[in-house]
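Trainee: Have a peek at model.cif (mmCIF, C-alpha atoms and all ligand atoms; chains and numbers go by the auth columns).
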data_data
loop_
_atom_site.group_PDB
_atom_site.id
_atom_site.type_symbol
_atom_site.label_atom_id
_atom_site.label_comp_id
_atom_site.label_asym_id
_atom_site.label_seq_id
_atom_site.Cartn_x
_atom_site.Cartn_y
_atom_site.Cartn_z
_atom_site.B_iso_or_equiv
_atom_site.auth_seq_id
_atom_site.auth_asym_id
ATOM 1 C CA MET A 1 -25.257 -29.913 70.096 0.00 1 A
ATOM 2 C CA PRO A 2 -23.391 -33.248 70.235 0.00 2 A
ATOM 3 C CA SER A 3 -22.381 -34.605 73.649 0.00 3 A
ATOM 4 C CA LEU A 4 -19.125 -33.159 74.943 0.00 4 A
ATOM 5 C CA TYR A 5 -18.225 -36.534 76.437 0.00 5 A
ATOM 6 C CA SER A 6 -17.102 -39.451 74.244 0.00 6 A
ATOM 7 C CA SER A 7 -18.729 -42.060 76.440 0.00 7 A
ATOM 8 C CA ASN A 8 -19.185 -42.454 80.136 0.00 8 A
ATOM 9 C CA MET A 9 -19.326 -44.846 83.001 0.00 9 A
ATOM 10 C CA ASN A 10 -23.005 -45.558 82.395 0.00 10 A
ATOM 11 C CA GLU A 11 -22.399 -47.187 79.042 0.00 11 A
ATOM 12 C CA ALA A 12 -19.019 -48.724 79.772 0.00 12 A
ATOM 13 C CA VAL A 13 -19.491 -50.271 83.202 0.00 13 A
ATOM 14 C CA TYR A 14 -22.828 -49.474 84.759 0.00 14 A
ATOM 15 C CA GLY A 15 -24.674 -51.196 81.917 0.00 15 A
ATOM 16 C CA VAL A 16 -23.305 -54.577 83.072 0.00 16 A
ATOM 17 C CA ASN A 17 -25.097 -56.404 85.921 0.00 17 A
ATOM 18 C CA PHE A 18 -23.114 -55.206 88.925 0.00 18 A
ATOM 19 C CA ASP A 19 -22.943 -58.694 90.439 0.00 19 A
ATOM 20 C CA ARG A 20 -20.509 -59.550 87.658 0.00 20 A
ATOM 21 C CA ILE A 21 -18.450 -56.411 88.258 0.00 21 A
ATOM 22 C CA ILE A 22 -18.176 -57.252 91.976 0.00 22 A
ATOM 23 C CA GLU A 23 -17.256 -60.901 91.244 0.00 23 A
ATOM 24 C CA GLN A 24 -14.208 -59.659 89.333 0.00 24 A
ATOM 25 C CA ALA A 25 -13.123 -57.167 91.969 0.00 25 A
ATOM 26 C CA PRO A 26 -9.793 -57.659 93.762 0.00 26 A
ATOM 27 C CA LYS A 27 -9.706 -58.798 97.390 0.00 27 A
ATOM 28 C CA GLN A 28 -9.051 -55.286 98.687 0.00 28 A
ATOM 29 C CA VAL A 29 -12.215 -54.022 97.027 0.00 29 A
ATOM 30 C CA HIS A 30 -14.246 -56.862 98.572 0.00 30 A
ATOM 31 C CA SER A 31 -12.878 -55.906 101.990 0.00 31 A
ATOM 32 C CA TYR A 32 -13.814 -52.262 101.347 0.00 32 A
ATOM 33 C CA LEU A 33 -17.360 -53.222 100.332 0.00 33 A
ATOM 34 C CA ASN A 34 -17.814 -55.455 103.387 0.00 34 A
ATOM 35 C CA ALA A 35 -16.578 -52.707 105.709 0.00 35 A
ATOM 36 C CA GLU A 36 -18.878 -50.216 103.996 0.00 36 A
ATOM 37 C CA LEU A 37 -21.928 -52.454 104.342 0.00 37 A
ATOM 38 C CA ALA A 38 -21.223 -52.982 108.046 0.00 38 A
ATOM 39 C CA ARG A 39 -20.873 -49.197 108.560 0.00 39 A
ATOM 40 C CA MET A 40 -24.113 -48.459 106.693 0.00 40 A
ATOM 41 C CA LEU A 41 -26.000 -51.054 108.735 0.00 41 A
ATOM 42 C CA GLU A 42 -24.765 -49.344 111.923 0.00 42 A
ATOM 43 C CA LEU A 43 -26.544 -46.178 110.779 0.00 43 A
ATOM 44 C CA ALA A 44 -29.817 -47.988 110.064 0.00 44 A
ATOM 45 C CA THR A 45 -32.610 -48.123 112.641 0.00 45 A
ATOM 46 C CA PRO A 46 -35.938 -49.987 112.522 0.00 46 A
ATOM 47 C CA ASN A 47 -38.136 -46.927 111.967 0.00 47 A
ATOM 48 C CA TYR A 48 -36.060 -45.515 109.105 0.00 48 A
ATOM 49 C CA VAL A 49 -37.152 -45.015 105.504 0.00 49 A
ATOM 50 C CA VAL A 50 -33.934 -45.327 103.521 0.00 50 A
ATOM 51 C CA LEU A 51 -32.810 -44.349 100.020 0.00 51 A
ATOM 52 C CA GLU A 52 -29.918 -45.989 98.183 0.00 52 A
ATOM 53 C CA VAL A 53 -28.687 -43.933 95.241 0.00 53 A
ATOM 54 C CA GLY A 54 -27.276 -46.153 92.473 0.00 54 A
ATOM 55 C CA CYS A 55 -28.493 -49.438 93.945 0.00 55 A
ATOM 56 C CA GLY A 56 -26.881 -51.517 91.185 0.00 56 A
ATOM 57 C CA SER A 57 -27.759 -55.200 91.374 0.00 57 A
ATOM 58 C CA GLY A 58 -29.046 -54.909 94.960 0.00 58 A
ATOM 59 C CA ARG A 59 -26.016 -55.842 97.064 0.00 59 A
ATOM 60 C CA VAL A 60 -27.028 -53.406 99.806 0.00 60 A
ATOM 61 C CA LEU A 61 -30.837 -53.396 99.539 0.00 61 A
ATOM 62 C CA ALA A 62 -31.586 -56.819 101.005 0.00 62 A
ATOM 63 C CA PRO A 63 -29.366 -56.529 104.118 0.00 63 A
ATOM 64 C CA LEU A 64 -30.629 -52.974 104.730 0.00 64 A
ATOM 65 C CA SER A 65 -34.237 -54.090 104.527 0.00 65 A
ATOM 66 C CA GLN A 66 -33.702 -56.327 107.559 0.00 66 A
ATOM 67 C CA TYR A 67 -32.862 -53.322 109.726 0.00 67 A
ATOM 68 C CA CYS A 68 -35.151 -50.576 108.356 0.00 68 A
ATOM 69 C CA ARG A 69 -38.866 -49.932 107.908 0.00 69 A
ATOM 70 C CA TYR A 70 -38.696 -49.297 104.168 0.00 70 A
ATOM 71 C CA VAL A 71 -35.905 -49.139 101.586 0.00 71 A
ATOM 72 C CA VAL A 72 -35.988 -47.555 98.126 0.00 72 A
ATOM 73 C CA GLY A 73 -33.226 -48.110 95.580 0.00 73 A
ATOM 74 C CA ILE A 74 -32.838 -46.029 92.461 0.00 74 A
ATOM 75 C CA ASP A 75 -30.631 -46.681 89.466 0.00 75 A
ATOM 76 C CA ASN A 76 -30.599 -45.208 85.980 0.00 76 A
ATOM 77 C CA GLN A 77 -29.732 -48.503 84.265 0.00 77 A
ATOM 78 C CA ALA A 78 -32.554 -50.914 83.444 0.00 78 A
ATOM 79 C CA VAL A 79 -30.221 -53.917 83.726 0.00 79 A
ATOM 80 C CA GLN A 80 -29.476 -53.037 87.371 0.00 80 A
ATOM 81 C CA ILE A 81 -33.116 -52.450 88.215 0.00 81 A
ATOM 82 C CA SER A 82 -34.047 -55.903 86.808 0.00 82 A
ATOM 83 C CA ALA A 83 -31.213 -57.579 88.735 0.00 83 A
ATOM 84 C CA SER A 84 -32.065 -55.862 92.021 0.00 84 A
ATOM 85 C CA ALA A 85 -35.824 -56.369 91.553 0.00 85 A
ATOM 86 C CA GLU A 86 -35.174 -60.111 91.246 0.00 86 A
ATOM 87 C CA LYS A 87 -33.004 -60.093 94.382 0.00 87 A
ATOM 88 C CA ILE A 88 -35.647 -58.349 96.504 0.00 88 A
ATOM 89 C CA SER A 89 -38.720 -60.008 95.011 0.00 89 A
ATOM 90 C CA ARG A 90 -39.674 -61.713 98.298 0.00 90 A
ATOM 91 C CA LYS A 91 -39.218 -58.634 100.441 0.00 91 A
ATOM 92 C CA GLU A 92 -42.221 -56.446 101.093 0.00 92 A
ATOM 93 C CA ASN A 93 -40.396 -53.440 102.447 0.00 93 A
ATOM 94 C CA VAL A 94 -38.098 -52.732 99.477 0.00 94 A
ATOM 95 C CA GLU A 95 -38.752 -51.192 96.078 0.00 95 A
ATOM 96 C CA VAL A 96 -36.547 -50.193 93.196 0.00 96 A
ATOM 97 C CA VAL A 97 -37.097 -47.339 90.772 0.00 97 A
ATOM 98 C CA LEU A 98 -35.531 -46.663 87.385 0.00 98 A
ATOM 99 C CA ALA A 99 -34.536 -43.008 87.701 0.00 99 A
ATOM 100 C CA ASP A 100 -31.595 -40.677 87.400 0.00 100 A
ATOM 101 C CA ALA A 101 -30.183 -39.418 90.676 0.00 101 A
ATOM 102 C CA SER A 102 -29.912 -35.904 89.257 0.00 102 A
ATOM 103 C CA ILE A 103 -33.711 -35.639 89.049 0.00 103 A
ATOM 104 C CA MET A 104 -35.186 -37.979 91.612 0.00 104 A
ATOM 105 C CA PRO A 105 -38.912 -38.680 91.394 0.00 105 A
ATOM 106 C CA PHE A 106 -39.469 -38.088 95.122 0.00 106 A
ATOM 107 C CA ASN A 107 -41.032 -35.386 97.248 0.00 107 A
ATOM 108 C CA ASP A 108 -38.868 -33.229 99.490 0.00 108 A
ATOM 109 C CA SER A 109 -37.789 -34.456 102.933 0.00 109 A
ATOM 110 C CA ILE A 110 -39.029 -38.049 102.910 0.00 110 A
ATOM 111 C CA PHE A 111 -35.988 -40.221 103.710 0.00 111 A
ATOM 112 C CA ASP A 112 -34.403 -40.640 107.148 0.00 112 A
ATOM 113 C CA LEU A 113 -31.180 -41.927 105.626 0.00 113 A
ATOM 114 C CA SER A 114 -29.882 -41.408 102.065 0.00 114 A
ATOM 115 C CA LEU A 115 -26.920 -43.530 101.002 0.00 115 A
ATOM 116 C CA ILE A 116 -24.518 -43.321 98.077 0.00 116 A
ATOM 117 C CA PRO A 117 -22.281 -46.401 98.374 0.00 117 A
ATOM 118 C CA TYR A 118 -19.353 -47.947 96.478 0.00 118 A
ATOM 119 C CA ASN A 119 -17.564 -44.848 95.292 0.00 119 A
ATOM 120 C CA LEU A 120 -20.463 -43.695 93.078 0.00 120 A
ATOM 121 C CA LEU A 121 -19.914 -40.131 94.277 0.00 121 A
ATOM 122 C CA ALA A 122 -16.416 -40.280 92.767 0.00 122 A
ATOM 123 C CA GLY A 123 -17.608 -41.373 89.332 0.00 123 A
ATOM 124 C CA LEU A 124 -20.438 -38.901 88.715 0.00 124 A
ATOM 125 C CA ARG A 125 -18.209 -36.260 87.169 0.00 125 A
ATOM 126 C CA TYR A 126 -20.315 -33.266 86.080 0.00 126 A
ATOM 127 C CA GLN A 127 -23.376 -34.607 87.983 0.00 127 A
ATOM 128 C CA THR A 128 -21.719 -34.729 91.425 0.00 128 A
ATOM 129 C CA ASN A 129 -23.123 -31.515 92.870 0.00 129 A
ATOM 130 C CA VAL A 130 -26.591 -31.889 91.448 0.00 130 A
ATOM 131 C CA VAL A 131 -26.857 -35.453 92.805 0.00 131 A
ATOM 132 C CA LEU A 132 -25.749 -34.268 96.247 0.00 132 A
ATOM 133 C CA GLU A 133 -28.310 -31.439 96.078 0.00 133 A
ATOM 134 C CA GLU A 134 -31.009 -33.976 95.217 0.00 134 A
ATOM 135 C CA MET A 135 -29.937 -36.194 98.118 0.00 135 A
ATOM 136 C CA VAL A 136 -30.202 -33.250 100.486 0.00 136 A
ATOM 137 C CA ARG A 137 -33.608 -32.278 99.062 0.00 137 A
ATOM 138 C CA VAL A 138 -35.205 -35.717 99.522 0.00 138 A
ATOM 139 C CA THR A 139 -33.710 -36.295 102.996 0.00 139 A
ATOM 140 C CA LYS A 140 -35.674 -35.205 106.079 0.00 140 A
ATOM 141 C CA GLN A 141 -34.403 -32.406 108.264 0.00 141 A
ATOM 142 C CA ASN A 142 -32.053 -34.029 110.790 0.00 142 A
ATOM 143 C CA GLY A 143 -31.872 -37.037 108.471 0.00 143 A
ATOM 144 C CA ILE A 144 -28.518 -38.528 107.469 0.00 144 A
ATOM 145 C CA ILE A 145 -26.674 -38.502 104.148 0.00 145 A
ATOM 146 C CA ALA A 146 -23.825 -41.009 103.910 0.00 146 A
ATOM 147 C CA GLY A 147 -21.565 -42.808 101.512 0.00 147 A
ATOM 148 C CA SER A 148 -18.009 -43.772 100.739 0.00 148 A
ATOM 149 C CA VAL A 149 -15.230 -43.087 98.254 0.00 149 A
ATOM 150 C CA TYR A 150 -11.832 -44.510 97.400 0.00 150 A
ATOM 151 C CA SER A 151 -8.968 -42.923 99.298 0.00 151 A
ATOM 152 C CA GLU A 152 -5.655 -41.616 97.989 0.00 152 A
ATOM 153 C CA ASP A 153 -4.256 -45.112 98.713 0.00 153 A
ATOM 154 C CA ALA A 154 -6.673 -46.960 96.436 0.00 154 A
ATOM 155 C CA LEU A 155 -4.799 -46.552 93.155 0.00 155 A
ATOM 156 C CA GLU A 156 -3.389 -50.088 92.983 0.00 156 A
ATOM 157 C CA ALA A 157 -6.727 -51.704 93.827 0.00 157 A
ATOM 158 C CA GLN A 158 -8.555 -49.459 91.379 0.00 158 A
ATOM 159 C CA LEU A 159 -6.131 -50.240 88.535 0.00 159 A
ATOM 160 C CA GLU A 160 -6.453 -53.984 89.169 0.00 160 A
ATOM 161 C CA HIS A 161 -10.239 -53.692 89.362 0.00 161 A
ATOM 162 C CA TYR A 162 -10.539 -51.771 86.097 0.00 162 A
ATOM 163 C CA GLU A 163 -7.996 -53.976 84.311 0.00 163 A
ATOM 164 C CA ASN A 164 -10.062 -57.035 85.272 0.00 164 A
ATOM 165 C CA LEU A 165 -12.960 -55.338 83.503 0.00 165 A
ATOM 166 C CA GLY A 166 -10.944 -54.732 80.345 0.00 166 A
ATOM 167 C CA PHE A 167 -9.971 -51.113 80.994 0.00 167 A
ATOM 168 C CA ASN A 168 -6.258 -51.552 80.403 0.00 168 A
ATOM 169 C CA ASP A 169 -5.306 -48.227 78.946 0.00 169 A
ATOM 170 C CA ALA A 170 -5.173 -45.865 81.917 0.00 170 A
ATOM 171 C CA ILE A 171 -4.112 -42.291 82.472 0.00 171 A
ATOM 172 C CA VAL A 172 -3.363 -41.849 86.144 0.00 172 A
ATOM 173 C CA SER A 173 -3.188 -38.504 87.886 0.00 173 A
ATOM 174 C CA SER A 174 -2.659 -37.793 91.571 0.00 174 A
ATOM 175 C CA ASP A 175 -6.383 -38.001 92.268 0.00 175 A
ATOM 176 C CA TYR A 176 -8.163 -39.642 89.364 0.00 176 A
ATOM 177 C CA ILE A 177 -7.969 -42.440 86.818 0.00 177 A
ATOM 178 C CA CYS A 178 -9.221 -42.200 83.280 0.00 178 A
ATOM 179 C CA ALA A 179 -9.117 -45.601 81.577 0.00 179 A
ATOM 180 C CA ALA A 180 -10.253 -46.936 78.216 0.00 180 A
ATOM 181 C CA ASN A 181 -11.183 -50.409 76.999 0.00 181 A
ATOM 182 C CA ALA A 182 -10.642 -51.941 73.547 0.00 182 A
ATOM 183 C CA GLU A 183 -13.974 -50.492 72.361 0.00 183 A
ATOM 184 C CA GLY A 184 -12.777 -46.994 73.204 0.00 184 A
ATOM 185 C CA GLU A 185 -15.218 -46.645 76.083 0.00 185 A
ATOM 186 C CA THR A 186 -13.812 -44.657 78.969 0.00 186 A
ATOM 187 C CA ILE A 187 -14.242 -44.502 82.693 0.00 187 A
ATOM 188 C CA PHE A 188 -13.249 -41.586 84.883 0.00 188 A
ATOM 189 C CA VAL A 189 -13.011 -42.134 88.626 0.00 189 A
ATOM 190 C CA GLU A 190 -11.635 -39.876 91.323 0.00 190 A
ATOM 191 C CA ARG A 191 -9.840 -40.649 94.568 0.00 191 A
ATOM 192 C CA PHE A 192 -10.239 -38.520 97.663 0.00 192 A
ATOM 193 C CA THR A 193 -8.200 -37.276 100.569 0.00 193 A
ATOM 194 C CA PRO A 194 -10.235 -36.343 103.651 0.00 194 A
ATOM 195 C CA ASP A 195 -9.688 -32.646 102.798 0.00 195 A
ATOM 196 C CA LYS A 196 -10.869 -33.080 99.217 0.00 196 A
ATOM 197 C CA LEU A 197 -13.973 -34.935 100.433 0.00 197 A
ATOM 198 C CA ARG A 198 -14.712 -32.255 103.050 0.00 198 A
ATOM 199 C CA ALA A 199 -14.266 -29.543 100.419 0.00 199 A
ATOM 200 C CA LEU A 200 -16.779 -31.267 98.147 0.00 200 A
ATOM 201 C CA LEU A 201 -19.340 -31.635 100.930 0.00 201 A
ATOM 202 C CA THR A 202 -18.890 -28.204 102.478 0.00 202 A
ATOM 203 C CA GLY A 203 -21.469 -25.771 101.202 0.00 203 A
ATOM 204 C CA PHE A 204 -24.350 -28.227 101.419 0.00 204 A
ATOM 205 C CA ASP A 205 -27.037 -27.791 103.992 0.00 205 A
ATOM 206 C CA PHE A 206 -25.367 -29.931 106.673 0.00 206 A
ATOM 207 C CA ARG A 207 -25.369 -29.442 110.422 0.00 207 A
ATOM 208 C CA ARG A 208 -22.615 -31.935 111.031 0.00 208 A
ATOM 209 C CA LEU A 209 -20.143 -33.606 108.692 0.00 209 A
ATOM 210 C CA LYS A 210 -17.841 -36.471 109.609 0.00 210 A
ATOM 211 C CA VAL A 211 -15.221 -38.158 107.413 0.00 211 A
ATOM 212 C CA GLU A 212 -13.827 -41.467 108.711 0.00 212 A
ATOM 213 C CA GLU A 213 -11.207 -43.881 107.449 0.00 213 A
ATOM 214 C CA LEU A 214 -13.285 -46.927 106.593 0.00 214 A
ATOM 215 C CA ASP A 215 -10.482 -49.311 105.588 0.00 215 A
ATOM 216 C CA PRO A 216 -7.013 -48.899 104.001 0.00 216 A
ATOM 217 C CA ILE A 217 -8.463 -47.810 100.618 0.00 217 A
ATOM 218 C CA SER A 218 -11.613 -45.861 101.443 0.00 218 A
ATOM 219 C CA TYR A 219 -13.283 -43.083 103.409 0.00 219 A
ATOM 220 C CA PHE A 220 -16.806 -43.082 104.761 0.00 220 A
ATOM 221 C CA PHE A 221 -18.685 -39.837 105.308 0.00 221 A
ATOM 222 C CA PHE A 222 -21.908 -38.961 106.985 0.00 222 A
ATOM 223 C CA ALA A 223 -23.659 -35.659 107.442 0.00 223 A
ATOM 224 C CA VAL A 224 -26.833 -34.514 109.148 0.00 224 A
ATOM 225 C CA LYS A 225 -29.221 -32.320 107.148 0.00 225 A
ATOM 226 C CA SER A 226 -29.798 -28.997 108.892 0.00 226 A
ATOM 227 C CA SER A 227 -33.148 -28.048 110.321 0.00 227 A
ATOM 228 C CA PRO A 228 -34.502 -24.587 109.353 0.00 228 A
HETATM 229 C C1 LIG B . -20.632 -48.462 91.800 0.00 1 B
HETATM 230 S S1 LIG B . -22.229 -49.051 91.416 0.00 1 B
HETATM 231 C C2 LIG B . -22.836 -49.376 93.036 0.00 1 B
HETATM 232 C C3 LIG B . -23.926 -50.406 93.102 0.00 1 B
HETATM 233 C C4 LIG B . -24.466 -50.677 94.521 0.00 1 B
HETATM 234 N N1 LIG B . -24.803 -49.445 95.200 0.00 1 B
HETATM 235 C C5 LIG B . -23.449 -51.430 95.355 0.00 1 B
HETATM 236 O O1 LIG B . -22.878 -50.789 96.248 0.00 1 B
HETATM 237 O O2 LIG B . -23.213 -52.606 95.097 0.00 1 B
HETATM 238 C C6 LIG B . -23.033 -47.555 90.964 0.00 1 B
HETATM 239 C C7 LIG B . -24.445 -47.701 90.434 0.00 1 B
HETATM 240 O O3 LIG B . -24.959 -46.380 90.256 0.00 1 B
HETATM 241 C C8 LIG B . -25.707 -46.313 89.054 0.00 1 B
HETATM 242 N N2 LIG B . -25.672 -44.918 88.591 0.00 1 B
HETATM 243 C C9 LIG B . -24.643 -44.246 88.015 0.00 1 B
HETATM 244 N N3 LIG B . -24.997 -42.983 87.736 0.00 1 B
HETATM 245 C C10 LIG B . -26.276 -42.849 88.152 0.00 1 B
HETATM 246 C C11 LIG B . -27.202 -41.782 88.126 0.00 1 B
HETATM 247 N N4 LIG B . -26.879 -40.585 87.635 0.00 1 B
HETATM 248 N N5 LIG B . -28.445 -41.993 88.601 0.00 1 B
HETATM 249 C C12 LIG B . -28.795 -43.210 89.119 0.00 1 B
HETATM 250 N N6 LIG B . -27.958 -44.265 89.161 0.00 1 B
HETATM 251 C C13 LIG B . -26.715 -44.088 88.688 0.00 1 B
HETATM 252 C C14 LIG B . -25.009 -47.297 88.124 0.00 1 B
HETATM 253 O O4 LIG B . -25.874 -47.754 87.122 0.00 1 B
HETATM 254 C C15 LIG B . -24.562 -48.389 89.083 0.00 1 B
HETATM 255 O O5 LIG B . -25.505 -49.411 89.164 0.00 1 B
#
Rewrite the coordinates I just gave you, this time as structure tokens.
Ligand SMILES: C[S@@+](CC[C@H](N)C(=O)[O-])C[C@H]1O[C@@H](n2cnc3c(N)ncnc32)[C@H](O)[C@@H]1O

Mentor:
Amino acid sequence: MPSLYSSNMNEAVYGVNFDRIIEQAPKQVHSYLNAELARMLELATPNYVVLEVGCGSGRVLAPLSQYCRYVVGIDNQAVQISASAEKISRKENVEVVLADASIMPFNDSIFDLSLIPYNLLAGLRYQTNVVLEEMVRVTKQNGIIAGSVYSEDALEAQLEHYENLGFNDAIVSSDYICAANAEGETIFVERFTPDKLRALLTGFDFRRLKVEELDPISYFFFAVKSSP
């Protein structure tokens, strides 16, 4: 059966070294990413083994590795794995793995902290639940799962960001953007209210779930995996 989806984020955006995507991001997005990094580093502790889902070109891996025992980044795009591998080449406590987050090549319950930064959760579309299930599976009991998404107030920043990347033709709804570039490639990215984010995360095996306003265009969430 042919794919139901014309093209997706992986081909259209994620196949480009993420350093270049970030370089072209508007100021508001840079502020969001800086706030997010600071919040993630607050969660890190020196004995932690940490997973970053969708590590891209390694923006988060190197800073994290200074605060944690061991850091593993996974990404399903070879171009990102090469870029991040180069960035971390001198660090002994970081590794990157080419793998899809919907079937992670890890044993159960091995990470103290599993992160999904930079709105990836809002761009996974039909994979969202399975990726969250995988994150819960590989995280230790009482370990933390955390990440961030664009808020309902991010539309302007998102449109500018995607236009800078050549995605000019956008359909905007109250909580998502679907935009196409000249090649007909499309991206589909959601925005979240706190209630929508809580609704997505409710039903997973969490003991505690917290949604915080991270900056004017984003929310940060963290949840603790239940013990049996
Ligand atoms: C928004 S970027 C974030 C990059 C990095 N975490 C950062 O914050 O700078 C999302 C990354 O997730 C990767 N990605 C998307 N879907 C994925 C999947 N199903 N499995 C693994 N990686 C995925 C993309 O290739 C991309 O590098």

Trainee: All residues within 6 Å of ligand LIG 1 (chain B) are required, counting all atoms listed in the file; please report them as a list in words.

Mentor: Asn10, Tyr14, Gly54, Cys55, Gly56, Arg59, Ile74, Asp75, Asn76, Gln77, Gln80, Ala99, Asp100, Ala101, Ser102, Pro117, Tyr118, Asn119 and Leu120 of chain A

Trainee: To one decimal place, how far is atom CA of Phe204 of chain A from atom CA of Glu133 of chain A in Å?

Mentor: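 Between these atoms lies a distance of 7.4 Å.
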
Trainee: Any chance you could work out the residue set of the PyMOL selection byres (((chain A and resi 115) around 9) and not hetatm) here, as a list in words?

Mentor: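 Output from the PyMOL selection byres (((chain A and resi 115) around 9) and not hetatm), applied to this file: Met40, Val50, Leu51, Glu52, Val53, Gly54, Leu113, Ser114, Ile116, Pro117, Met135, Ile144, Ile145, Ala146, Gly147 and Ser148 of chain A.
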
Trainee: Write a file of the just-selected residues containing C-alpha atoms, as a PDB file, in the frame of the given file.

Mentor:
ATOM      1  CA  MET A  40     -24.113 -48.459 106.693  1.00  0.00           C
ATOM      2  CA  VAL A  50     -33.934 -45.327 103.521  1.00  0.00           C
ATOM      3  CA  LEU A  51     -32.810 -44.349 100.020  1.00  0.00           C
ATOM      4  CA  GLU A  52     -29.918 -45.989  98.183  1.00  0.00           C
ATOM      5  CA  VAL A  53     -28.687 -43.933  95.241  1.00  0.00           C
ATOM      6  CA  GLY A  54     -27.276 -46.153  92.473  1.00  0.00           C
ATOM      7  CA  LEU A 113     -31.180 -41.927 105.626  1.00  0.00           C
ATOM      8  CA  SER A 114     -29.882 -41.408 102.065  1.00  0.00           C
ATOM      9  CA  ILE A 116     -24.518 -43.321  98.077  1.00  0.00           C
ATOM     10  CA  PRO A 117     -22.281 -46.401  98.374  1.00  0.00           C
ATOM     11  CA  MET A 135     -29.937 -36.194  98.118  1.00  0.00           C
ATOM     12  CA  ILE A 144     -28.518 -38.528 107.469  1.00  0.00           C
ATOM     13  CA  ILE A 145     -26.674 -38.502 104.148  1.00  0.00           C
ATOM     14  CA  ALA A 146     -23.825 -41.009 103.910  1.00  0.00           C
ATOM     15  CA  GLY A 147     -21.565 -42.808 101.512  1.00  0.00           C
ATOM     16  CA  SER A 148     -18.009 -43.772 100.739  1.00  0.00           C
TER      17      SER A 148
END

Trainee: My list of candidates is A:Ser109, A:Gln24, A:Ser65, A:Thr193. Which is closest to Arg90 of chain A when distances are computed with all atoms listed in the file?

Mentor: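 Looking only at the distances to Arg90 of chain A, the closest residue turns out to be A:Ser65.
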
Trainee: Compile the contact shell of Val130 of chain A as JSON, numbers by chain: residues with an atom at most 12 Å away, counting all atoms listed in the file, same-chain residues fewer than 2 positions apart removed.

Mentor: {"A": [100, 101, 102, 103, 104, 121, 124, 125, 126, 127, 128, 132, 133, 134, 135, 136, 137, 200, 201, 204]}

Trainee: With a distance cut-off of 6 Å and only C-alpha atoms, select the neighbouring residues of Val72 of chain A, excluding the residue or stretch itself and same-chain residues fewer than 4 positions from it, and output the selection as an NGL selection string.

Mentor: :A and (51 or 94-96)

Trainee: Have a look at A:Gly15, A:Pro26, A:Pro63, A:Gly58 and name the one nearest to His161 of chain A; count only C-alpha atoms.

Mentor: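 With only C-alpha atoms as the atom set, the closest residue is A:Pro26.
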
Trainee: Find the residue from A:Val71, A:Cys178, A:Ala170, A:Leu159 that sits nearest to Gln28 of chain A; use only C-alpha atoms when measuring.

Mentor: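 For Gln28 of chain A, the nearest of the given residues is A:Leu159.
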
Trainee: Output, as AutoDock Vina command-line options, the centre and edge lengths in Å (one decimal) of the axis-aligned box that contains all listed atoms of segment 150-167 of chain A with 4 Å of margin on each side.

Mentor:
--center_x -8.2 --center_y -49.3 --center_z 89.8 --size_x 17.6 --size_y 23.4 --size_z 27.0

Trainee: Enumerate, as a ChimeraX atom specification, the residues matched when the PyMOL selection byres (((chain A and resi 85) around 10) and not hetatm) is run on the file above.

Mentor: /A:57-58,61,73,79-84,86-91,94-97

Trainee: Copy segment 109-119 of chain A out of the block into a file, keeping N, CA and C atoms, as a PDB file, in the first residue's frame.

Mentor:
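The result, written out as out.pdb:
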ATOM      1  N   SER A 109      13.723   0.537  31.210  1.00  0.00           N
ATOM      2  CA  SER A 109      14.085   1.161  32.499  1.00  0.00           C
ATOM      3  C   SER A 109      15.582   1.416  32.677  1.00  0.00           C
ATOM      4  N   ILE A 110      16.201   2.106  31.716  1.00  0.00           N
ATOM      5  CA  ILE A 110      17.640   2.351  31.873  1.00  0.00           C
ATOM      6  C   ILE A 110      18.021   3.827  32.023  1.00  0.00           C
ATOM      7  N   PHE A 111      17.115   4.747  31.674  1.00  0.00           N
ATOM      8  CA  PHE A 111      17.470   6.167  31.750  1.00  0.00           C
ATOM      9  C   PHE A 111      16.838   6.824  32.986  1.00  0.00           C
ATOM     10  N   ASP A 112      17.613   7.703  33.622  1.00  0.00           N
ATOM     11  CA  ASP A 112      17.077   8.469  34.759  1.00  0.00           C
ATOM     12  C   ASP A 112      16.233   9.631  34.275  1.00  0.00           C
ATOM     13  N   LEU A 113      16.592  10.146  33.104  1.00  0.00           N
ATOM     14  CA  LEU A 113      15.919  11.328  32.558  1.00  0.00           C
ATOM     15  C   LEU A 113      15.828  11.151  31.040  1.00  0.00           C
ATOM     16  N   SER A 114      14.604  11.251  30.503  1.00  0.00           N
ATOM     17  CA  SER A 114      14.409  11.140  29.048  1.00  0.00           C
ATOM     18  C   SER A 114      13.793  12.435  28.544  1.00  0.00           C
ATOM     19  N   LEU A 115      14.495  13.071  27.605  1.00  0.00           N
ATOM     20  CA  LEU A 115      14.098  14.411  27.147  1.00  0.00           C
ATOM     21  C   LEU A 115      13.624  14.397  25.693  1.00  0.00           C
ATOM     22  N   ILE A 116      12.633  15.215  25.414  1.00  0.00           N
ATOM     23  CA  ILE A 116      12.186  15.407  24.029  1.00  0.00           C
ATOM     24  C   ILE A 116      12.037  16.913  23.795  1.00  0.00           C
ATOM     25  N   PRO A 117      13.173  17.560  23.419  1.00  0.00           N
ATOM     26  CA  PRO A 117      13.182  19.027  23.336  1.00  0.00           C
ATOM     27  C   PRO A 117      12.606  19.579  22.023  1.00  0.00           C
ATOM     28  N   TYR A 118      12.605  20.917  21.968  1.00  0.00           N
ATOM     29  CA  TYR A 118      12.378  21.723  20.759  1.00  0.00           C
ATOM     30  C   TYR A 118      11.141  21.279  19.972  1.00  0.00           C
ATOM     31  N   ASN A 119      10.047  21.135  20.689  1.00  0.00           N
ATOM     32  CA  ASN A 119       8.761  20.952  20.033  1.00  0.00           C
ATOM     33  C   ASN A 119       8.649  19.677  19.201  1.00  0.00           C
TER      34      ASN A 119
END
